[in-house]
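Here's input33.txt, which has compact mmCIF, C-alpha atoms:
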# COMPACT_ATOMS: atom_id res chain seq x y z
CA MET I 1 79.21 114.49 83.85
CA ARG I 2 76.85 112.82 81.38
CA TRP I 3 79.10 113.78 78.45
CA TYR I 4 82.15 112.42 80.22
CA LEU I 5 80.44 109.09 80.91
CA THR I 6 79.18 108.99 77.32
CA GLY I 7 82.76 109.33 76.13
CA VAL I 8 83.86 106.53 78.47
CA VAL I 9 81.10 104.19 77.25
CA VAL I 10 81.59 104.64 73.50
CA SER I 11 85.39 104.54 73.64
CA GLY I 12 85.30 101.55 76.00
CA PHE I 13 83.00 99.68 73.63
CA GLY I 14 85.32 100.22 70.66
CA THR I 15 88.49 99.43 72.61
CA THR I 16 87.08 96.17 73.98
CA ALA I 17 85.98 95.14 70.50
CA MET I 18 89.40 95.90 69.00
CA TRP I 19 91.27 94.20 71.85
CA LEU I 20 89.30 91.00 71.33
CA VAL I 21 89.47 90.95 67.55
CA SER I 22 93.15 91.82 67.10
CA GLY I 23 94.35 88.40 68.28
CA ILE I 24 91.70 86.55 66.29
CA TRP I 25 92.61 88.62 63.24
CA VAL I 26 96.30 87.73 63.43
CA LYS I 27 95.51 84.08 64.09
CA SER I 28 93.18 83.89 61.10
CA LEU I 29 95.78 85.43 58.75
CA THR I 30 98.94 83.69 59.99
CA GLY I 31 97.76 80.57 61.80
CA SER I 32 100.27 81.40 64.56
CA ASP I 33 99.23 81.25 68.20
CA GLY I 34 102.45 83.04 69.18
CA LEU I 35 101.82 86.01 66.90
CA ALA I 36 98.21 86.18 68.07
CA ALA I 37 99.40 86.35 71.68
CA LEU I 38 101.81 89.16 70.77
CA THR I 39 98.87 91.45 69.98
CA ALA I 40 98.20 91.79 73.71
CA PHE I 41 101.89 92.54 74.30
CA ALA I 42 101.82 95.24 71.60
CA LEU I 43 98.95 96.95 73.41
CA TRP I 44 100.61 96.58 76.82
CA ALA I 45 104.18 97.54 75.88
CA PRO I 46 103.68 101.35 75.94
CA VAL I 47 102.52 101.10 79.57
CA LEU I 48 106.21 100.67 80.42
CA LEU I 49 106.71 104.25 79.22
CA GLY I 50 103.67 105.51 81.14
CA PRO I 51 105.49 108.06 83.35
CA LEU I 52 107.28 109.53 80.32
CA LEU I 53 104.11 109.67 78.20
CA GLY I 54 102.05 111.04 81.09
CA THR I 55 104.27 114.13 81.25
CA LEU I 56 102.52 115.37 78.10
CA ALA I 57 99.25 115.56 80.04
CA ASP I 58 100.82 118.12 82.39
CA ARG I 59 102.12 120.37 79.62
CA VAL I 60 98.82 121.16 77.88
CA ARG I 61 95.13 121.52 78.76
CA ARG I 62 93.68 118.07 79.37
CA ARG I 63 90.26 118.29 77.65
CA PRO I 64 91.64 119.49 74.28
CA LEU I 65 94.31 116.79 74.57
CA LEU I 66 91.65 114.09 75.05
CA ILE I 67 89.78 115.36 71.99
CA ALA I 68 92.95 115.44 69.86
CA LEU I 69 94.00 111.95 70.93
CA ASP I 70 90.59 110.46 70.10
CA LEU I 71 90.43 112.19 66.71
CA ALA I 72 93.95 110.96 65.90
CA MET I 73 92.94 107.35 66.55
CA ALA I 74 89.73 107.80 64.56
CA ALA I 75 91.88 108.88 61.61
CA LEU I 76 94.49 106.13 62.08
CA LEU I 77 92.36 103.01 62.51
CA PRO I 78 90.94 102.91 58.95
CA VAL I 79 94.44 102.06 57.63
CA LEU I 80 93.78 98.57 59.02
CA LEU I 81 91.49 97.97 56.05
CA TRP I 82 94.74 97.14 54.19
CA VAL I 83 95.49 94.23 56.56
CA THR I 84 94.15 91.49 54.31
CA SER I 85 97.06 89.02 54.21
CA ALA I 86 99.79 87.64 56.46
CA ASP I 87 102.48 89.88 54.94
CA ARG I 88 100.57 92.97 56.14
CA VAL I 89 100.15 91.89 59.75
CA TRP I 90 103.06 94.17 60.68
CA LEU I 91 100.73 97.12 60.03
CA LEU I 92 98.27 95.84 62.62
CA PHE I 93 101.09 95.50 65.19
CA ALA I 94 102.31 99.03 64.45
CA VAL I 95 98.82 100.43 64.97
CA LEU I 96 98.41 98.44 68.20
CA VAL I 97 101.62 99.92 69.63
CA LEU I 98 100.39 103.42 68.77
CA TYR I 99 97.02 102.45 70.26
CA GLY I 100 98.70 101.52 73.53
CA ALA I 101 100.73 104.74 73.59
CA GLN I 102 97.62 106.80 72.92
CA GLY I 103 95.88 104.96 75.74
CA ALA I 104 98.68 105.75 78.20
CA VAL I 105 98.54 109.47 77.46
CA HIS I 106 94.72 109.46 77.33
CA ASP I 107 94.42 107.76 80.71
CA ALA I 108 96.86 110.22 82.30
CA ALA I 109 94.99 113.20 80.85
CA GLU I 110 91.64 111.77 81.89
CA GLN I 111 92.76 111.11 85.46
CA ALA I 112 94.30 114.57 85.69
CA LEU I 113 91.11 116.17 84.35
CA LEU I 114 89.06 114.34 86.97
CA SER I 115 91.41 115.38 89.76
CA THR I 116 91.26 119.09 88.84
CA GLY I 117 87.86 119.46 87.17
CA PHE I 118 85.61 117.82 89.76
CA GLY I 119 85.26 118.34 93.49
CA LYS I 120 87.51 116.10 95.58
CA GLU I 121 84.51 114.83 97.53
CA ARG I 122 82.89 113.57 94.30
CA LEU I 123 85.86 111.61 92.98
CA GLY I 124 84.87 108.29 94.55
CA SER I 125 81.39 108.45 93.01
CA VAL I 126 82.72 109.62 89.64
CA ASN I 127 85.24 106.77 89.52
CA GLY I 128 82.53 104.31 90.50
CA TRP I 129 80.23 105.49 87.72
CA ARG I 130 83.16 105.36 85.32
CA MET I 131 83.85 101.77 86.33
CA THR I 132 80.20 100.80 85.89
CA ALA I 133 80.03 102.46 82.46
CA ASN I 134 83.26 100.87 81.29
CA GLU I 135 82.51 97.38 82.58
CA SER I 136 78.98 97.42 81.16
CA THR I 137 80.39 97.70 77.65
CA LYS I 138 82.41 94.53 78.24
CA LEU I 139 79.18 92.55 78.56
CA ILE I 140 78.16 93.48 75.00
CA ALA I 141 81.24 94.44 72.99
CA PRO I 142 82.89 90.96 72.82
CA LEU I 143 79.76 89.37 71.34
CA ALA I 144 79.26 92.21 68.86
CA ALA I 145 82.91 92.19 67.81
CA ALA I 146 83.10 88.42 67.41
CA GLY I 147 79.92 88.38 65.33
CA LEU I 148 81.10 91.27 63.14
CA PHE I 149 84.49 89.65 62.58
CA ALA I 150 82.97 86.26 61.74
CA ARG I 151 80.68 87.87 59.19
CA TYR I 152 82.84 90.57 57.60
CA GLY I 153 86.42 90.26 58.91
CA GLY I 154 88.61 92.65 60.88
CA GLY I 155 88.25 95.77 58.75
CA PRO I 156 84.70 96.64 59.83
CA VAL I 157 85.69 96.16 63.48
CA ALA I 158 88.48 98.70 62.98
CA LEU I 159 85.95 101.10 61.44
CA LEU I 160 83.61 100.52 64.39
CA ASP I 161 86.45 101.39 66.76
CA ALA I 162 87.31 104.49 64.70
CA ALA I 163 83.69 105.61 64.93
CA SER I 164 83.73 105.08 68.71
CA PHE I 165 86.80 107.34 68.99
CA ALA I 166 85.11 110.02 66.90
CA LEU I 167 82.00 109.87 69.10
CA ALA I 168 84.14 110.00 72.24
CA ALA I 169 85.91 113.10 70.91
CA GLY I 170 82.51 114.73 70.41
CA ALA I 171 81.44 113.79 73.93
CA PHE I 172 84.61 115.26 75.47
CA ALA I 173 84.15 118.40 73.35
CA ALA I 174 80.65 118.82 74.81
CA MET I 175 81.95 118.65 78.40
CA ARG I 176 81.79 121.80 80.44
CA VAL I 177 84.69 121.81 82.86
CA ARG I 178 86.94 124.61 84.10
CA GLU I 179 90.64 124.06 83.54
CA GLU I 180 93.44 126.23 84.80
CA PRO I 181 96.28 126.94 82.35
CA PRO I 182 99.05 124.33 82.64
CA ALA I 183 102.07 125.19 84.74
CA PRO I 184 104.99 126.57 82.71
CA ALA I 185 107.01 123.66 81.39
CA ALA I 186 110.62 123.34 82.40
CA ARG I 187 113.02 124.27 79.62
CA GLY I 188 116.44 123.14 78.58
CA ARG I 189 118.05 119.88 77.69
CA GLY I 190 116.58 116.92 79.55
CA ALA I 191 113.59 118.93 80.86
CA TRP I 192 111.12 116.23 79.87
CA TRP I 193 113.11 113.58 81.75
CA ARG I 194 113.41 115.82 84.82
CA GLU I 195 109.64 116.40 84.91
CA THR I 196 109.01 112.69 84.50
CA ALA I 197 111.42 111.88 87.32
CA GLY I 198 109.67 114.48 89.47
CA GLY I 199 106.37 112.61 89.10
CA VAL I 200 108.03 109.33 90.05
CA ARG I 201 109.61 110.95 93.12
CA LEU I 202 106.26 112.37 94.21
CA LEU I 203 104.72 108.93 94.23
CA ALA I 204 107.69 107.29 95.93
CA ALA I 205 107.81 109.97 98.64
CA SER I 206 104.10 109.98 99.46
CA PRO I 207 103.20 108.13 102.68
CA VAL I 208 99.59 108.08 101.44
CA LEU I 209 100.05 106.77 97.92
CA ARG I 210 103.12 104.58 98.19
CA PRO I 211 101.49 101.81 100.29
CA LEU I 212 98.21 102.04 98.37
CA VAL I 213 99.89 101.71 94.97
CA ALA I 214 101.99 98.85 96.34
CA ALA I 215 98.81 97.08 97.46
CA GLY I 216 97.27 97.65 94.03
CA ALA I 217 100.37 96.34 92.25
CA PHE I 218 100.39 93.25 94.48
CA THR I 219 96.72 92.67 93.70
CA MET I 220 97.36 92.92 89.96
CA LEU I 221 100.34 90.56 90.27
CA LEU I 222 98.07 87.96 91.83
CA ALA I 223 95.37 88.74 89.28
CA GLY I 224 97.78 87.94 86.45
CA VAL I 225 98.49 84.50 87.88
CA ASN I 226 94.78 83.96 88.51
CA GLY I 227 93.95 84.96 84.94
CA ALA I 228 96.54 82.59 83.50
CA ALA I 229 94.91 79.74 85.44
CA VAL I 230 91.43 80.25 83.99
CA TYR I 231 91.71 77.46 81.41
CA ALA I 232 93.04 75.05 84.04
CA VAL I 233 89.94 75.93 86.10
CA VAL I 234 87.73 75.23 83.08
CA ASP I 235 89.49 71.88 82.55
CA GLY I 236 88.85 70.99 86.19
CA LEU I 237 85.14 71.58 85.61
CA GLY I 238 85.18 69.24 82.62
CA ARG I 239 84.06 72.05 80.31
CA PRO I 240 85.38 73.12 76.88
CA ALA I 241 87.70 76.11 76.65
CA ALA I 242 84.87 78.36 75.43
CA TYR I 243 83.34 78.10 78.93
CA ALA I 244 85.95 80.65 80.01
CA GLY I 245 83.70 83.23 78.36
CA VAL I 246 80.94 82.36 80.82
CA LEU I 247 83.32 82.90 83.75
CA TYR I 248 84.44 86.24 82.31
CA ALA I 249 80.80 87.30 81.91
CA ALA I 250 80.19 86.51 85.60
CA GLN I 251 83.29 88.54 86.47
CA GLY I 252 81.99 91.44 84.37
CA ALA I 253 78.69 91.38 86.26
CA GLY I 254 80.61 91.59 89.53
CA SER I 255 82.55 94.58 88.19
CA VAL I 256 79.33 96.41 87.35
CA LEU I 257 78.24 95.92 90.96
CA ALA I 258 81.65 97.16 92.12
CA GLY I 259 81.18 100.39 90.21
CA LEU I 260 77.76 100.98 91.77
CA THR I 261 79.01 100.42 95.33
CA THR I 262 82.40 102.14 95.22
CA GLY I 263 81.18 105.73 95.55
CA PRO I 264 78.95 105.15 98.60
CA LEU I 265 81.67 103.09 100.28
CA LEU I 266 84.37 105.72 99.73
CA ARG I 267 82.14 108.27 101.43
CA ARG I 268 82.20 106.11 104.54
CA VAL I 269 85.62 104.43 104.66
CA PRO I 270 89.14 105.52 103.66
CA GLU I 271 90.70 104.25 100.44
CA ARG I 272 93.07 102.03 102.43
CA LEU I 273 90.24 99.97 103.93
CA LEU I 274 88.36 99.65 100.64
CA ALA I 275 91.54 98.43 98.95
CA ALA I 276 92.13 95.91 101.75
CA ALA I 277 88.54 94.65 101.52
CA GLY I 278 88.78 94.34 97.76
CA LEU I 279 92.05 92.41 97.97
CA ALA I 280 90.58 90.07 100.61
CA LEU I 281 87.50 89.36 98.46
CA PHE I 282 89.65 88.76 95.40
CA ALA I 283 92.00 86.41 97.26
CA ALA I 284 89.25 84.36 98.87
CA ALA I 285 87.41 84.02 95.57
CA ALA I 286 90.57 83.04 93.68
CA GLY I 287 91.14 80.26 96.17
CA ALA I 288 87.55 79.09 95.82
CA ARG I 289 88.06 78.60 92.08
CA ALA I 290 90.11 75.50 92.92
CA LEU I 291 86.87 73.75 93.93
CA PRO I 292 85.61 71.44 91.14
CA TYR I 293 82.05 72.85 91.15
CA GLU I 294 80.47 75.10 88.53
CA ALA I 295 78.47 77.06 91.09
CA ALA I 296 81.63 77.80 93.06
CA ALA I 297 83.51 78.85 89.90
CA LEU I 298 80.71 81.20 88.80
CA ALA I 299 80.28 82.74 92.25
CA ALA I 300 84.05 83.12 92.64
CA SER I 301 84.33 84.85 89.26
CA ALA I 302 81.61 87.33 90.26
CA VAL I 303 83.34 88.06 93.58
CA ILE I 304 86.67 88.56 91.78
CA GLY I 305 84.88 91.05 89.55
CA LEU I 306 83.65 92.84 92.67
CA GLY I 307 86.87 92.86 94.70
CA MET I 308 89.52 93.73 92.13
CA PRO I 309 87.86 97.00 90.96
CA TRP I 310 87.50 98.11 94.56
CA VAL I 311 91.28 98.01 94.83
CA LEU I 312 91.88 99.84 91.55
CA VAL I 313 89.29 102.55 92.16
CA ALA I 314 90.54 103.12 95.71
CA VAL I 315 94.09 103.59 94.44
CA MET I 316 93.22 105.91 91.56
CA THR I 317 90.83 107.99 93.70
CA ALA I 318 93.62 108.52 96.23
CA VAL I 319 96.00 109.51 93.40
CA GLN I 320 93.47 112.04 92.08
CA ARG I 321 92.88 113.51 95.53
CA GLU I 322 96.53 113.78 96.47
CA ALA I 323 98.06 114.89 93.17
CA PRO I 324 99.30 118.46 92.77
CA ALA I 325 97.44 120.00 89.83
CA GLU I 326 100.60 120.64 87.83
CA ALA I 327 101.79 117.02 88.22
CA ALA I 328 98.48 115.14 88.10
CA GLY I 329 99.12 113.59 84.69
CA ARG I 330 102.59 112.34 85.53
CA LEU I 331 101.48 110.98 88.87
CA ALA I 332 98.47 109.16 87.36
CA ALA I 333 100.61 107.67 84.60
CA THR I 334 103.27 106.55 87.07
CA ALA I 335 100.65 104.90 89.27
CA HIS I 336 99.08 103.26 86.21
CA THR I 337 102.42 101.78 85.19
CA ALA I 338 103.12 100.57 88.72
CA LEU I 339 99.71 98.91 88.85
CA PHE I 340 99.58 97.17 85.50
CA VAL I 341 103.14 96.17 84.62
CA PRO I 342 103.04 93.48 87.37
CA ASN I 343 99.83 92.15 85.83
CA ALA I 344 101.44 91.78 82.41
CA LEU I 345 104.50 90.07 83.89
CA ALA I 346 102.36 87.77 86.03
CA LEU I 347 100.43 86.58 82.99
CA ALA I 348 103.68 85.13 81.67
CA LEU I 349 104.65 83.80 85.11
CA GLY I 350 101.22 82.25 85.56
CA ALA I 351 101.39 80.57 82.16
CA ALA I 352 104.56 78.82 83.35
CA LEU I 353 103.16 77.97 86.79
CA VAL I 354 99.96 76.34 85.55
CA THR I 355 102.01 73.87 83.53
CA THR I 356 104.09 72.81 86.55
CA VAL I 357 101.85 73.33 89.61
CA ASP I 358 98.44 71.74 90.14
CA VAL I 359 95.77 74.44 90.13
CA ARG I 360 94.33 72.92 93.33
CA LEU I 361 97.56 73.95 95.04
CA LEU I 362 98.35 77.11 93.07
CA LEU I 363 95.08 78.96 93.67
CA PRO I 364 94.84 78.30 97.44
CA SER I 365 98.47 79.47 97.75
CA LEU I 366 97.51 82.63 95.86
CA ALA I 367 94.59 83.08 98.27
CA VAL I 368 96.86 82.85 101.32
CA ALA I 369 99.24 85.43 99.86
CA GLY I 370 96.35 87.76 99.00
CA LEU I 371 94.74 87.54 102.42
CA ALA I 372 98.09 88.28 104.06
CA GLY I 373 98.45 91.30 101.79
CA ALA I 374 94.95 92.47 102.70
CA LEU I 375 95.72 92.27 106.42
CA HIS I 376 98.93 94.24 105.89
CA THR I 377 97.08 96.91 103.89
CA ALA I 378 94.30 97.22 106.46
CA GLY I 379 96.81 97.54 109.28
CA ASP I 380 98.97 100.16 107.54
CA ARG I 381 97.69 103.14 109.50
CA VAL I 382 98.62 106.45 108.01
CA GLY I 383 95.95 109.26 108.73
CA PRO I 384 93.00 110.56 106.68
CA SER I 385 93.36 110.97 102.91
CA ARG I 386 91.22 113.90 101.89
CA GLY I 387 93.54 116.17 99.97
CA ALA I 388 97.17 117.13 100.16
CA CYS I 389 98.80 119.77 102.30
CA PRO I 390 100.98 122.46 100.83
CA GLY I 391 104.49 121.34 100.17
CA ARG I 392 107.01 120.70 97.44
CA ALA I 393 105.19 119.64 94.26
CA GLY I 394 108.19 118.55 92.25
CA GLU I 395 110.81 120.30 90.26
CA HIS I 396 108.78 123.54 90.08
CA GLY I 397 108.89 123.81 93.86
CA LYS I 398 105.28 125.00 94.26
CA GLY I 399 101.72 123.67 94.59
CA ARG I 400 100.33 120.95 96.80
CA GLY I 401 102.58 118.23 98.11
CA LEU I 402 101.68 114.62 98.82
CA GLY I 403 103.16 114.05 102.20
CA GLY I 404 100.82 116.04 104.46
CA ARG I 405 97.43 114.53 105.18
CA ARG I 406 97.47 110.76 105.15
CA ALA I 407 95.01 107.98 104.51
CA GLY I 408 93.73 106.15 107.50

Will you turn the file into structure tokens for me?
Amino acid sequence: MRWYLTGVVVSGFGTTAMWLVSGIWVKSLTGSDGLAALTAFALWAPVLLGPLLGTLADRVRRRPLLIALDLAMAALLPVLLWVTSADRVWLLFAVLVLYGAQGAVHDAAEQALLSTGFGKERLGSVNGWRMTANESTKLIAPLAAAGLFARYGGGPVALLDAASFALAAGAFAAMRVREEPPAPAARGRGAWWRETAGGVRLLAASPVLRPLVAAGAFTMLLAGVNGAAVYAVVDGLGRPAAYAGVLYAAQGAGSVLAGLTTGPLLRRVPERLLAAAGLALFAAAAGARALPYEAAALAASAVIGLGMPWVLVAVMTAVQREAPAEAAGRLAATAHTALFVPNALALALGAALVTTVDVRLLLPSLAVAGLAGALHTAGDRVGPSRGACPGRAGEHGKGRGLGGRRAG
């Protein structure tokens, strides 16, 4: 476990640093706000192909795949040392797209490894520790990355990220976890597409996961609008734009607390109720950000940081518990896409809304919608989610199905 969490920490540190610096890097070379904003899109775009990319995680052993993916990025990132002028910015965008694709496969393999390599009863705690480790890096990495970029430029940040991938590969290599051989891959023309479609069907057919993933996607849709409104909130406080960093720091602190509390809570309540509670906290706090008081904005940001991870961890823990071993990667990737594509789309929607709707009306409306969603999630009674019963696992027709024991 300690080696797994070490890998999460070092890779999370490097990824956060690179995510922050990529936009600043493009802006400094081109002077274009639009191109700088496209760096986030380049990282997000491969998420749309998540189910297809996640199929790879079901065709090979997951731990060696994680090691290979991290080493590949460690070897690729140093090419960014050549990005020294505006006419070479295309190279940064190309690397960011590959970065996003690597992340989609890596996340699917990681989730699948957790679902098969650790006891089902430990998954809530493991995911909580993972959240704490990952969010803790976000309190330090932005400051370190900004300082390094201001002093030396983007190249050293890319090297720092490459080093973090190399260290993460070493940490995953040191893990001791038993893995069963992957199920035989389907053969023939279109086999990859058929396996991918099988993972999508598993999620859509599961009475346990379908409502939970829907609740998570709805939460992330609202979160995108809320995130787009952050600068309007800062304006309402009469603060400069840089004050948004203070609000994000408060949110990060709340997320650390979320990671510490998730495991104990999931031992006492089903994922459905934790997701509903997290959505309710997020919604209430988002509405409170409309108040023109700094104390309210800081407290609301911390509560958002607490509530939103509860939803995400509840969803992913349920996916890990319910997934058939031979389809765990595809199912995790499909759930990841369903969760985060709405967030990316809502960022664009929110950017349009904040220019036409007063934030004092927009955020309370968001709160009402979120609280209604929380009530619906809490009332969606479906039975206990503690593993899946035997049933059809997809196109192979064997393994554990998702429709047996239900969350409740």

Got a sec: who's within 12 Å of Ala40 in chain I, counting only C-alpha atoms, leaving out chain neighbours fewer than 5 positions off, as a list in words? Thr16, Met18, Trp19, Leu20, Val21, Ser22, Gly23, Ile24, Val26, Asp33, Gly34, Leu35, Ala45, Pro46, Val47, Leu92, Phe93, Leu96, Val97, Tyr99, Gly100, Ala344, Leu347 and Ala348 of chain I

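The space separating CA of Ala168 in chain I from CA of Ser11 in chain I comes to 5.8 Å.
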
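Among the candidates I:Ala297, I:Met308, I:Leu291, I:Ala338, the residue lying nearest to Arg210 in chain I is I:Ala338 (atoms considered: all atoms listed in the file).
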
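Considering all atoms listed in the file, the residue among I:Leu123, I:Ala104, I:Leu202, I:Leu160 positioned nearest to Trp44 in chain I is I:Ala104.
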
Between I:Ala174, I:Ala299, I:Leu52, I:Val8, which has the minimum distance to Val246 in chain I (counting only C-alpha atoms)? I:Ala299

Residues near Ala169 in chain I, cut-off 12 Å, all atoms listed in the file, skip fewer than 3 positions along chain, as an MDAnalysis selection string: chainID I and resid 3:4 6:11 63:75 106 162:166 172:175
